[in-house]
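input07.csv follows (CSV, C-alpha atoms and all ligand atoms):
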```csv
chain,number,residue,atom,x,y,z
A,1,MET,CA,-57.3,124.7,-36.2
A,2,SER,CA,-57.1,127.7,-33.9
A,3,ASP,CA,-58.1,130.4,-36.4
A,4,ASP,CA,-61.1,131.9,-34.7
A,5,ASP,CA,-60.0,135.4,-35.9
A,6,PRO,CA,-60.5,136.5,-39.5
A,7,ALA,CA,-56.9,137.6,-39.9
A,8,ALA,CA,-55.7,134.1,-39.1
A,9,ALA,CA,-58.2,132.6,-41.5
A,10,THR,CA,-56.9,134.9,-44.3
A,11,ALA,CA,-53.4,133.9,-43.5
A,12,LEU,CA,-54.4,130.3,-44.0
A,13,SER,CA,-55.9,131.3,-47.3
A,14,LEU,CA,-59.5,130.7,-46.3
A,15,LEU,CA,-60.7,133.1,-48.9
A,16,THR,CA,-63.7,131.3,-50.5
A,17,LEU,CA,-66.5,129.0,-49.3
A,18,GLY,CA,-64.7,126.2,-51.2
A,19,ASP,CA,-61.6,126.8,-49.1
A,20,TYR,CA,-63.8,126.4,-46.0
A,21,GLU,CA,-65.2,123.2,-47.4
A,22,ARG,CA,-61.7,121.7,-47.9
A,23,ALA,CA,-60.5,122.9,-44.5
A,24,ALA,CA,-63.6,121.4,-42.8
A,25,ALA,CA,-63.0,118.1,-44.4
A,26,THR,CA,-59.6,118.0,-42.6
A,27,VAL,CA,-61.0,118.8,-39.1
A,28,LEU,CA,-64.3,116.8,-39.1
A,29,ASP,CA,-64.4,113.2,-38.1
A,30,PRO,CA,-65.5,110.9,-40.9
A,31,ALA,CA,-69.0,110.3,-39.5
A,32,ALA,CA,-69.8,114.0,-39.2
A,33,LEU,CA,-68.4,114.7,-42.6
A,34,GLY,CA,-70.4,111.9,-44.2
A,35,TYR,CA,-73.6,113.2,-42.6
A,36,PHE,CA,-73.0,116.8,-43.6
A,37,ALA,CA,-71.5,116.5,-47.0
A,38,GLY,CA,-73.5,113.5,-48.2
A,39,GLY,CA,-76.5,113.4,-50.5
A,40,ALA,CA,-79.0,110.8,-51.5
A,41,ALA,CA,-78.1,107.7,-53.5
A,42,ASP,CA,-75.8,108.6,-56.5
A,43,GLU,CA,-75.7,112.2,-55.4
A,44,LEU,CA,-76.7,113.5,-58.8
A,45,SER,CA,-79.0,116.2,-57.4
A,46,LEU,CA,-76.3,117.1,-54.8
A,47,HIS,CA,-73.8,117.9,-57.6
A,48,ASP,CA,-76.3,119.4,-59.9
A,49,ASN,CA,-77.3,121.9,-57.3
A,50,VAL,CA,-73.9,123.5,-57.7
A,51,LEU,CA,-73.7,123.1,-61.4
A,52,ALA,CA,-77.2,124.6,-62.0
A,53,TRP,CA,-76.0,128.1,-61.0
A,54,ARG,CA,-73.1,127.7,-63.4
A,55,ARG,CA,-75.6,127.1,-66.3
A,56,LEU,CA,-76.6,130.7,-66.0
A,57,ALA,CA,-74.5,133.6,-67.3
A,58,ILE,CA,-74.8,137.2,-66.1
A,59,ARG,CA,-75.6,140.0,-68.6
A,60,PRO,CA,-73.8,142.9,-66.9
A,61,ARG,CA,-74.6,146.6,-67.6
A,62,VAL,CA,-72.0,149.3,-67.3
A,63,LEU,CA,-71.8,153.0,-66.6
A,64,VAL,CA,-74.8,153.1,-64.4
A,65,GLY,CA,-73.1,154.5,-61.3
A,66,VAL,CA,-72.6,151.9,-58.7
A,67,GLY,CA,-70.7,153.9,-56.0
A,68,ARG,CA,-73.7,153.4,-53.6
A,69,ARG,CA,-75.0,149.9,-53.3
A,70,ASP,CA,-77.9,148.5,-51.4
A,71,PRO,CA,-78.2,144.8,-50.8
A,72,GLU,CA,-81.6,145.3,-48.9
A,73,VAL,CA,-84.5,143.0,-49.8
A,74,THR,CA,-88.0,142.5,-48.5
A,75,VAL,CA,-89.0,139.1,-47.0
A,76,LEU,CA,-92.4,138.4,-45.6
A,77,GLY,CA,-93.2,142.1,-45.9
A,78,ARG,CA,-90.2,143.2,-43.8
A,79,ALA,CA,-87.0,144.9,-44.9
A,80,ARG,CA,-83.9,142.7,-44.5
A,81,PRO,CA,-80.4,144.1,-44.8
A,82,HIS,CA,-79.5,141.4,-47.4
A,83,PRO,CA,-80.9,138.2,-48.8
A,84,LEU,CA,-79.0,135.6,-46.8
A,85,ILE,CA,-80.8,133.1,-44.6
A,86,VAL,CA,-79.0,130.3,-42.8
A,87,ALA,CA,-80.7,127.0,-43.9
A,88,PRO,CA,-82.0,124.7,-41.2
A,89,MET,CA,-79.5,122.0,-40.5
A,90,ALA,CA,-79.9,119.3,-37.9
A,91,TYR,CA,-77.3,118.3,-35.3
A,92,GLN,CA,-74.8,121.2,-35.6
A,93,GLY,CA,-73.0,119.9,-32.5
A,94,LEU,CA,-71.3,117.4,-34.9
A,95,ALA,CA,-69.5,120.3,-36.4
A,96,HIS,CA,-68.3,122.2,-33.3
A,97,ALA,CA,-68.9,122.4,-29.6
A,98,GLU,CA,-70.6,125.8,-30.1
A,99,ALA,CA,-73.2,124.0,-32.2
A,100,GLU,CA,-76.3,126.1,-33.1
A,101,ILE,CA,-75.3,128.7,-30.6
A,102,GLY,CA,-72.3,129.4,-32.8
A,103,THR,CA,-74.5,129.6,-35.9
A,104,ALA,CA,-77.0,131.9,-34.1
A,105,ARG,CA,-74.1,134.3,-33.1
A,106,ALA,CA,-72.8,134.3,-36.7
A,107,SER,CA,-76.3,134.9,-38.1
A,108,ALA,CA,-77.0,137.7,-35.7
A,109,ALA,CA,-73.6,139.3,-36.3
A,110,THR,CA,-74.2,139.4,-40.0
A,111,GLY,CA,-77.9,140.2,-40.0
A,112,SER,CA,-78.8,136.9,-41.5
A,113,ILE,CA,-82.0,135.1,-40.6
A,114,MET,CA,-81.3,131.8,-38.9
A,115,CYS,CA,-83.7,128.8,-39.5
A,116,VAL,CA,-83.4,126.9,-36.2
A,117,PRO,CA,-83.8,123.2,-36.9
A,118,THR,CA,-86.3,121.0,-35.0
A,119,PHE,CA,-83.4,118.6,-34.4
A,120,ALA,CA,-81.0,121.1,-33.0
A,121,THR,CA,-78.3,119.8,-30.7
A,122,VAL,CA,-79.0,122.4,-28.1
A,123,ALA,CA,-82.4,123.6,-26.8
A,124,HIS,CA,-84.2,126.2,-28.8
A,125,ALA,CA,-84.5,128.4,-25.7
A,126,ALA,CA,-80.8,128.3,-25.2
A,127,ILE,CA,-80.2,129.4,-28.8
A,128,ALA,CA,-82.6,132.3,-28.4
A,129,ALA,CA,-81.1,133.3,-25.1
A,130,ASP,CA,-77.5,133.3,-26.4
A,131,ALA,CA,-78.0,135.5,-29.4
A,132,PRO,CA,-81.0,137.8,-28.5
A,133,ALA,CA,-80.5,140.2,-31.3
A,134,GLY,CA,-80.9,137.7,-34.1
A,135,THR,CA,-84.0,137.0,-36.3
A,136,ARG,CA,-85.0,133.4,-36.1
A,137,TRP,CA,-87.5,131.1,-37.9
A,138,LEU,CA,-88.4,127.7,-36.6
A,139,GLN,CA,-87.9,124.8,-39.0
A,140,LEU,CA,-90.6,122.3,-38.3
A,141,TYR,CA,-90.6,118.6,-38.6
A,142,VAL,CA,-94.2,117.5,-37.8
A,143,PHE,CA,-94.7,114.4,-35.7
A,144,PRO,CA,-97.8,112.1,-35.7
A,145,ASP,CA,-98.4,113.3,-32.1
A,146,ARG,CA,-99.5,116.9,-33.1
A,147,GLY,CA,-99.3,117.8,-29.4
A,148,ILE,CA,-95.5,117.7,-29.5
A,149,THR,CA,-95.6,119.8,-32.7
A,150,ARG,CA,-97.9,122.3,-31.2
A,151,GLU,CA,-95.7,122.6,-28.1
A,152,LEU,CA,-92.7,123.3,-30.3
A,153,ILE,CA,-94.6,126.0,-32.2
A,154,ALA,CA,-95.9,127.6,-29.0
A,155,GLU,CA,-92.4,127.7,-27.6
A,156,ALA,CA,-91.1,129.3,-30.8
A,157,VAL,CA,-93.8,132.0,-30.5
A,158,GLU,CA,-92.8,132.6,-26.9
A,159,LEU,CA,-89.1,132.9,-27.9
A,160,GLY,CA,-89.9,135.5,-30.5
A,161,PHE,CA,-89.2,133.4,-33.6
A,162,GLU,CA,-90.8,135.1,-36.6
A,163,ALA,CA,-91.9,132.4,-39.0
A,164,LEU,CA,-92.5,128.6,-39.3
A,165,VAL,CA,-90.7,126.8,-42.0
A,166,VAL,CA,-92.5,123.5,-42.4
A,167,THR,CA,-90.4,120.9,-44.2
A,168,ALA,CA,-92.5,119.1,-46.7
A,169,ASP,CA,-89.9,116.9,-48.5
A,170,LEU,CA,-89.1,114.5,-45.8
A,171,PRO,CA,-92.0,112.1,-45.4
A,172,VAL,CA,-89.4,109.4,-45.2
A,173,VAL,CA,-85.6,109.7,-45.2
A,174,GLY,CA,-83.9,109.6,-48.6
A,175,VAL,CA,-81.6,106.8,-49.6
A,176,ARG,CA,-78.6,108.1,-47.6
A,177,ASP,CA,-75.9,105.7,-48.7
A,178,ARG,CA,-72.9,107.8,-47.8
A,179,GLU,CA,-74.4,108.6,-44.4
A,180,THR,CA,-75.2,105.0,-43.8
A,181,ARG,CA,-71.7,104.0,-44.5
A,182,THR,CA,-70.1,106.5,-42.1
A,183,GLU,CA,-72.7,106.0,-39.3
A,184,ALA,CA,-73.0,109.2,-37.4
A,185,THR,CA,-74.8,109.1,-34.1
A,186,VAL,CA,-76.5,112.2,-32.9
A,187,GLN,CA,-78.0,114.1,-30.0
A,188,SER,CA,-80.8,116.6,-29.9
A,189,SER,CA,-82.8,118.1,-27.1
A,190,THR,CA,-86.0,117.8,-29.3
A,191,ALA,CA,-85.2,114.2,-30.0
A,192,GLU,CA,-85.9,113.4,-26.3
A,193,LEU,CA,-89.6,114.2,-27.1
A,194,VAL,CA,-89.9,111.8,-29.9
A,195,ARG,CA,-87.1,109.3,-29.4
A,196,ASP,CA,-87.6,105.6,-29.8
A,197,GLU,CA,-86.1,104.5,-26.5
A,198,SER,CA,-84.8,101.3,-28.1
A,199,ALA,CA,-82.1,103.2,-30.0
A,200,ALA,CA,-79.5,104.1,-27.4
A,201,ALA,CA,-77.3,106.1,-29.8
A,202,PRO,CA,-79.7,107.2,-32.6
A,203,THR,CA,-78.6,107.9,-36.1
A,204,PRO,CA,-80.1,110.9,-38.0
A,205,ALA,CA,-82.2,108.4,-39.9
A,206,ASP,CA,-83.6,106.9,-36.7
A,207,LEU,CA,-84.7,110.3,-35.5
A,208,ALA,CA,-86.1,111.4,-38.9
A,209,GLY,CA,-88.1,108.2,-38.9
A,210,ASN,CA,-90.3,109.9,-36.3
A,211,VAL,CA,-91.5,112.5,-38.8
A,212,ASP,CA,-95.2,112.0,-39.9
A,213,PRO,CA,-95.3,110.6,-43.4
A,214,ASP,CA,-99.0,111.6,-43.7
A,215,LEU,CA,-98.5,115.3,-43.4
A,216,ARG,CA,-100.9,117.1,-45.8
A,217,TRP,CA,-101.9,120.5,-47.2
A,218,SER,CA,-104.7,120.6,-44.6
A,219,ASP,CA,-102.0,120.6,-41.9
A,220,ILE,CA,-100.3,123.6,-43.5
A,221,GLU,CA,-103.7,125.4,-43.4
A,222,ALA,CA,-104.2,124.4,-39.8
A,223,PHE,CA,-100.8,125.8,-38.7
A,224,ALA,CA,-101.4,129.0,-40.7
A,225,THR,CA,-104.7,129.7,-39.1
A,226,GLU,CA,-103.9,128.4,-35.5
A,227,PHE,CA,-100.6,130.3,-34.9
A,228,PRO,CA,-99.7,133.9,-35.2
A,229,LEU,CA,-96.6,133.1,-37.4
A,230,PRO,CA,-96.4,133.2,-41.1
A,231,VAL,CA,-95.9,129.7,-42.6
A,232,ILE,CA,-93.3,128.9,-45.2
A,233,VAL,CA,-93.4,125.5,-46.9
A,234,LYS,CA,-89.9,124.2,-47.6
A,235,GLY,CA,-89.2,121.6,-50.3
A,236,VAL,CA,-91.5,122.7,-53.2
A,237,LEU,CA,-90.3,122.0,-56.7
A,238,THR,CA,-93.3,122.3,-58.9
A,239,PRO,CA,-95.8,125.0,-60.0
A,240,GLU,CA,-98.6,122.8,-58.9
A,241,ASP,CA,-97.4,122.6,-55.3
A,242,ALA,CA,-96.5,126.3,-55.2
A,243,LEU,CA,-100.1,127.1,-56.1
A,244,LEU,CA,-101.4,124.7,-53.4
A,245,ALA,CA,-99.1,126.4,-50.9
A,246,ALA,CA,-100.6,129.8,-51.7
A,247,GLU,CA,-104.2,128.3,-51.6
A,248,HIS,CA,-103.5,126.8,-48.1
A,249,GLY,CA,-102.4,130.0,-46.5
A,250,ALA,CA,-98.6,129.8,-46.8
A,251,ARG,CA,-96.9,133.1,-47.0
A,252,GLY,CA,-93.8,131.7,-48.6
A,253,ILE,CA,-92.1,128.6,-50.1
A,254,VAL,CA,-88.5,127.4,-50.3
A,255,VAL,CA,-87.9,126.0,-53.7
A,256,SER,CA,-85.4,123.3,-52.7
A,257,ASN,CA,-84.4,119.7,-53.1
A,258,HIS,CA,-83.1,119.5,-49.5
A,259,GLY,CA,-79.5,119.9,-50.6
A,260,GLY,CA,-79.8,116.8,-52.7
A,261,ARG,CA,-80.3,114.7,-49.6
A,262,GLN,CA,-83.8,113.4,-50.2
A,263,LEU,CA,-84.9,112.3,-53.8
A,264,ASP,CA,-81.9,111.8,-55.9
A,265,THR,CA,-82.3,113.1,-59.5
A,266,ALA,CA,-85.0,115.5,-58.3
A,267,LEU,CA,-84.5,118.8,-60.3
A,268,SER,CA,-82.5,121.6,-58.9
A,269,ALA,CA,-84.2,124.6,-57.4
A,270,VAL,CA,-82.7,126.8,-60.1
A,271,ASP,CA,-84.4,124.8,-62.8
A,272,ALA,CA,-87.7,124.7,-60.9
A,273,LEU,CA,-87.8,128.4,-60.2
A,274,ASP,CA,-89.2,129.8,-63.5
A,275,GLY,CA,-92.2,127.5,-63.5
A,276,VAL,CA,-92.9,128.2,-59.9
A,277,LEU,CA,-92.8,132.0,-60.3
A,278,ASP,CA,-95.0,131.8,-63.4
A,279,SER,CA,-97.6,130.0,-61.4
A,280,VAL,CA,-97.7,132.0,-58.2
A,281,GLY,CA,-96.3,135.4,-59.1
A,282,ASP,CA,-96.5,137.7,-56.1
A,283,ARG,CA,-99.0,135.6,-54.2
A,284,LEU,CA,-96.3,134.4,-51.8
A,285,ASP,CA,-92.6,134.9,-51.2
A,286,VAL,CA,-90.4,132.5,-53.2
A,287,LEU,CA,-87.1,131.6,-51.5
A,288,VAL,CA,-84.5,129.2,-52.9
A,289,ASP,CA,-81.7,127.0,-51.7
A,290,GLY,CA,-79.2,124.4,-52.8
A,291,GLY,CA,-75.6,124.8,-54.0
A,292,VAL,CA,-75.2,128.5,-53.3
A,293,ARG,CA,-71.4,129.0,-53.0
A,294,ARG,CA,-70.6,132.4,-54.6
A,295,GLY,CA,-72.0,135.9,-54.4
A,296,THR,CA,-72.9,135.6,-58.1
A,297,ASP,CA,-75.2,132.6,-57.2
A,298,VAL,CA,-77.0,134.9,-54.8
A,299,LEU,CA,-77.3,137.5,-57.5
A,300,LYS,CA,-78.6,135.0,-60.0
A,301,ALA,CA,-81.2,133.7,-57.6
A,302,LEU,CA,-82.6,137.2,-57.1
A,303,ALA,CA,-82.4,138.0,-60.8
A,304,LEU,CA,-84.5,134.9,-61.4
A,305,GLY,CA,-87.1,136.2,-59.0
A,306,ALA,CA,-86.3,134.7,-55.6
A,307,ARG,CA,-86.7,137.1,-52.7
A,308,ALA,CA,-83.9,135.5,-50.6
A,309,VAL,CA,-81.5,132.6,-50.5
A,310,LEU,CA,-80.8,129.9,-47.9
A,311,VAL,CA,-77.3,128.8,-47.4
A,312,GLY,CA,-76.7,125.4,-46.0
A,313,ARG,CA,-73.4,123.4,-45.8
A,314,PRO,CA,-71.0,126.3,-46.2
A,315,VAL,CA,-72.1,127.6,-42.8
A,316,LEU,CA,-71.4,124.2,-41.3
A,317,TRP,CA,-67.9,124.2,-42.8
A,318,GLY,CA,-67.3,127.6,-41.2
A,319,LEU,CA,-68.6,126.4,-37.9
A,320,ALA,CA,-66.4,123.3,-38.1
A,321,VAL,CA,-63.2,125.3,-38.9
A,322,GLY,CA,-63.7,128.2,-36.5
A,323,GLY,CA,-66.9,128.0,-34.4
A,324,ALA,CA,-69.1,131.1,-34.5
A,325,ALA,CA,-66.2,133.2,-36.0
A,326,GLY,CA,-65.8,130.7,-38.8
A,327,ALA,CA,-69.5,130.6,-39.6
A,328,GLN,CA,-69.6,134.4,-39.5
A,329,ARG,CA,-66.6,134.6,-41.9
A,330,VAL,CA,-68.3,132.4,-44.4
A,331,LEU,CA,-71.4,134.6,-44.4
A,332,GLU,CA,-69.2,137.7,-44.7
A,333,ILE,CA,-67.3,136.3,-47.6
A,334,LEU,CA,-70.6,135.6,-49.4
A,335,LEU,CA,-71.9,139.1,-48.6
A,336,ASP,CA,-68.7,140.7,-49.9
A,337,GLU,CA,-68.9,138.7,-53.1
A,338,PHE,CA,-72.6,139.6,-53.5
A,339,ASP,CA,-71.8,143.3,-53.0
A,340,ARG,CA,-69.1,143.1,-55.7
A,341,ALA,CA,-71.5,141.2,-58.0
A,342,LEU,CA,-74.1,143.9,-57.7
A,343,ALA,CA,-71.5,146.5,-58.6
A,344,LEU,CA,-70.0,144.5,-61.5
A,345,THR,CA,-73.4,143.6,-62.8
A,346,GLY,CA,-74.4,147.2,-62.9
A,347,CYS,CA,-77.4,146.7,-60.6
A,348,PRO,CA,-76.5,148.5,-57.4
A,349,ARG,CA,-79.8,147.8,-55.7
A,350,ALA,CA,-80.6,144.2,-55.0
A,351,ALA,CA,-84.3,145.0,-55.2
A,352,ASP,CA,-83.8,146.0,-58.8
A,353,LEU,CA,-82.4,142.7,-60.0
A,354,ASN,CA,-84.6,141.1,-62.7
A,355,ARG,CA,-84.5,138.5,-65.5
A,356,SER,CA,-82.7,140.8,-67.9
A,357,PHE,CA,-79.5,140.3,-65.9
A,358,VAL,CA,-79.3,136.5,-66.5
A,359,THR,CA,-79.3,134.2,-69.6
A,360,ALA,CA,-78.6,130.6,-70.3
A,361,ALA,CA,-74.8,130.2,-70.3
A,362,PRO,CA,-73.4,130.3,-73.8
A,363,TRP,CA,-70.5,128.0,-72.8
A,364,LEU,CA,-73.1,125.2,-72.7
A,365,ALA,CA,-74.3,125.8,-76.2
A,366,GLY,CA,-74.0,122.7,-78.4
A,367,ARG,CA,-73.7,120.4,-75.4
A,368,SER,CA,-76.5,117.9,-75.0
B,1,LIG,C1,-80.1,119.8,-44.0
B,1,LIG,N1,-81.3,120.3,-44.5
B,1,LIG,C2,-82.4,120.3,-43.6
B,1,LIG,N2,-83.6,120.8,-44.0
B,1,LIG,C3,-84.6,120.9,-43.2
B,1,LIG,O1,-85.7,121.3,-43.5
B,1,LIG,N3,-84.5,120.4,-41.9
B,1,LIG,C4,-83.3,119.8,-41.4
B,1,LIG,O2,-83.2,119.4,-40.3
B,1,LIG,C5,-82.2,119.7,-42.3
B,1,LIG,N4,-81.1,119.2,-41.9
B,1,LIG,C6,-80.0,119.2,-42.7
B,1,LIG,C7,-78.8,118.8,-42.3
B,1,LIG,C8,-77.6,118.9,-43.0
B,1,LIG,C9,-76.3,118.4,-42.5
B,1,LIG,C10,-77.7,119.5,-44.3
B,1,LIG,C11,-76.5,119.6,-45.2
B,1,LIG,C12,-78.9,119.9,-44.8
B,1,LIG,C13,-81.4,120.9,-45.8
B,1,LIG,C14,-81.0,122.4,-45.8
B,1,LIG,O3,-82.0,123.1,-45.0
B,1,LIG,C15,-81.0,123.0,-47.2
B,1,LIG,O4,-82.2,122.7,-47.9
B,1,LIG,C16,-79.8,122.5,-48.0
B,1,LIG,O5,-78.7,122.2,-47.2
B,1,LIG,C17,-79.4,123.6,-49.0
B,1,LIG,O6,-78.3,123.1,-49.8
B,1,LIG,P1,-76.8,123.5,-49.6
B,1,LIG,O7,-76.7,125.0,-49.3
B,1,LIG,O8,-76.3,122.7,-48.4
B,1,LIG,O9,-76.2,123.1,-50.8
B,2,LIG,C1,-81.3,115.8,-43.0
B,2,LIG,C2,-82.6,115.9,-42.2
B,2,LIG,C3,-82.5,115.8,-40.7
B,2,LIG,O1,-81.3,116.3,-44.1
B,2,LIG,O2,-83.3,117.0,-42.6
B,2,LIG,O3,-80.4,115.2,-42.5
```

Structure rendered as C-alpha cells:
Amino acid sequence: MSDDDPAAATALSLLTLGDYERAAATVLDPAALGYFAGGAADELSLHDNVLAWRRLAIRPRVLVGVGRRDPEVTVLGRARPHPLIVAPMAYQGLAHAEAEIGTARASAATGSIMCVPTFATVAHAAIAADAPAGTRWLQLYVFPDRGITRELIAEAVELGFEALVVTADLPVVGVRDRETRTEATVQSSTAELVRDESAAAPTPADLAGNVDPDLRWSDIEAFATEFPLPVIVKGVLTPEDALLAAEHGARGIVVSNHGGRQLDTALSAVDALDGVLDSVGDRLDVLVDGGVRRGTDVLKALALGARAVLVGRPVLWGLAVGGAAGAQRVLEILLDEFDRALALTGCPRAADLNRSFVTAAPWLAGRS
C-alpha cells in the first residue's frame, strides 16, 4: 500500500485504529502477523483487554465550557503534552523496513514518549540519532550476565533516554501457540549480545529465552540506586506488587498483562487498576496498557487514576501500512478522539479527570 500521506489514508477509509488493524492484516506476512497479533494460549486475556474498557461507561457532564481543552498530563514529575506512550514492542522490522526508526519519528512528531525495546531490530543509537527530538525510555530485559544489562543501561543514559522500564512479567515466555504455528524468525542488534549461536535464525521465543528468570525486587532496587534514571516496573497486576515496587525505589509501574501475551487468563489492567491505586496512591506513577483502541479508552484510563497510557499493537499496524507516516496517523487519530472525548465528557483538562466520570457499564447489568 503506498498511502504514506494522510490524505491517501483517509481516501482508503483508514479512519480508526480498527481500520489500520484490518489493513495491516492484508499487508503483513503470516509469520509477522502471528507474532504481532497473537496472545498466549486461548487468548482470553488478549480479547478481554479490549472488552475491559467497554465494561466502563462514561458519565458526561454538560455546559461546563469546553472551548479550550488541555490534554497535558504530568509523568515522572514532568509535563507531557498528552498521555500517550508507545509501548515497547520487539522486532519492529517485521512490520516495515523503517522499523523502530519509523516508530521513533512518529513518536517524536506527535509528542509521544517511545519505549525503545531491548530487542529492537535496529541499534538503540541509530534510533536516537534519527529522531533526536523525541523523548525515549529504554525497555529493559535483564540477562543473567548483568554486565550486558549494565552496558545497555549505560548506553541509554549516554543517548539521553529518560527512564528505564524494567519488564517483570517475562521470566519465561508465555504459551505462544499462535506464534509457534506461524514461526517468525527475527533479527535484533541487541540479540547479538545474548544470542545462542546454535540458532541460526532465532525465533522471538529463542531470544526471550535469554531473559533471566531469577530477576528479583532487589535488582529493581539496584538499578534504581546505581543509575541516574527513574525506574518503572512493567507488568504489575496486584496491589501487593505495586507496594513492593514503591518500597524498592521504583518511580512508576505499568499495570499490564503484556498485551495478553504472557499468562493467559491473567486479569486485565483495567480490572487491576483500582486495587493498585488504593494500595500505592501517589507514591509512584501508575501507567496502564492493553487494549487501548479509542480515545474514550484513554479518557477512562485517566479517569480511573492512571497518569498515562501505553499503546501497543495499533502503532505496529500503522507502521506496517504506511511506515512512519502510518504510525504517526494512528497516534494522531487516537489524540483527536481523546480531544473530542474530553470535550464531550465535559472535562476539558485531562489533569482534572477523576472517578466521577466513569461507572460500571449499565449495559452489562444482569449479565453474569
Ligand atoms: C510486546 N510487548 C512487549 N513488552 C515488553 O515489555 N517488551 C517487549 O519487547 C515487548 N514486545 C512486544 C512485541 C509485540 C509484537 C507486542 C504486541 C507486544 C507488550 C507491550 O509492551 C504492551 O504491554 C502491550 O502490547 C499492550 O497491549 P496492546 O496495546 O498491544 O493491546
Ligand atoms: C514479546 C516479548 C518479546 O511479547 O516481549 O514478544

Note to self: At a cut-off of 7 Å and counting all atoms listed in the file, what residues surround ligand LIG 2 (chain B)? Please answer as a PyMOL selection string.
What the structure shows: chain A and resi 89-90+119+204+208+258+261

Next item on the list: Record the distance separating CA of Val73 in chain A and CA of Glu21 in chain A, expressed in Å with one decimal.
Entry: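 According to the coordinates, CA of Val73 in chain A and CA of Glu21 in chain A are separated by 27.8 Å.
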
Residues of chain A that have any atom at most 6 Å from an atom of ligand LIG 1 (chain B): could you tabulate them with the shortest-distance atom pair and the distance in Å to one decimal, using only C-alpha atoms and all ligand atoms, ordered by chain and increasing number, as a tab-separated table?
```
residue	atom	partner	partner_atom	distance
A:Tyr35	CA	B:LIG1	C9	5.9
A:Phe36	CA	B:LIG1	C9	3.8
A:Ala87	CA	B:LIG1	O3	4.3
A:Pro88	CA	B:LIG1	O3	4.1
A:Met89	CA	B:LIG1	N4	3.5
A:Ala90	CA	B:LIG1	O2	4.1
A:Pro117	CA	B:LIG1	O2	5.1
A:Phe119	CA	B:LIG1	O2	6.0
A:Thr167	CA	B:LIG1	O1	4.8
A:Ser256	CA	B:LIG1	O4	5.8
A:His258	CA	B:LIG1	O4	3.7
A:Gly259	CA	B:LIG1	O6	3.5
A:Asp289	CA	B:LIG1	C17	4.9
A:Gly290	CA	B:LIG1	O6	3.4
A:Gly291	CA	B:LIG1	O9	3.7
A:Val292	CA	B:LIG1	O7	5.5
A:Val311	CA	B:LIG1	O7	4.3
A:Gly312	CA	B:LIG1	O7	3.3
A:Arg313	CA	B:LIG1	O8	4.0
```

Note to self: So, with only C-alpha atoms as the atoms that count, which of A:Asn257, A:Ala341, A:Val142, A:Tyr91 lies closest to Pro202 in chain A?
What the structure shows: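 Comparing A:Asn257, A:Ala341, A:Val142, A:Tyr91 against Pro202 in chain A, the winner is A:Tyr91.
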
Check: Can you tell me, as a list in words, what residues are no more than 10 Å from range 51-57 of chain A when counting only C-alpha atoms, ignoring any on the same chain fewer than 3 positions away?
Finding: Ser45, Leu46, His47, Asp48, Pro60, Leu267, Ser268, Ala269, Val270, Asp271, Gly290, Gly291, Val292, Arg293, Arg294, Thr296, Asp297, Val298, Lys300, Ala301, Phe357, Val358, Thr359, Ala360, Ala361, Pro362, Trp363 and Leu364 of chain A

Next item on the list: Compare A:Thr190, A:Thr121, A:Thr74, A:Ser13 by their minimum atom-to-atom distance to Leu140 in chain A, counting all atoms listed in the file, and give me the closest one.
Entry: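 Closest to Leu140 in chain A of all the choices is A:Thr190.
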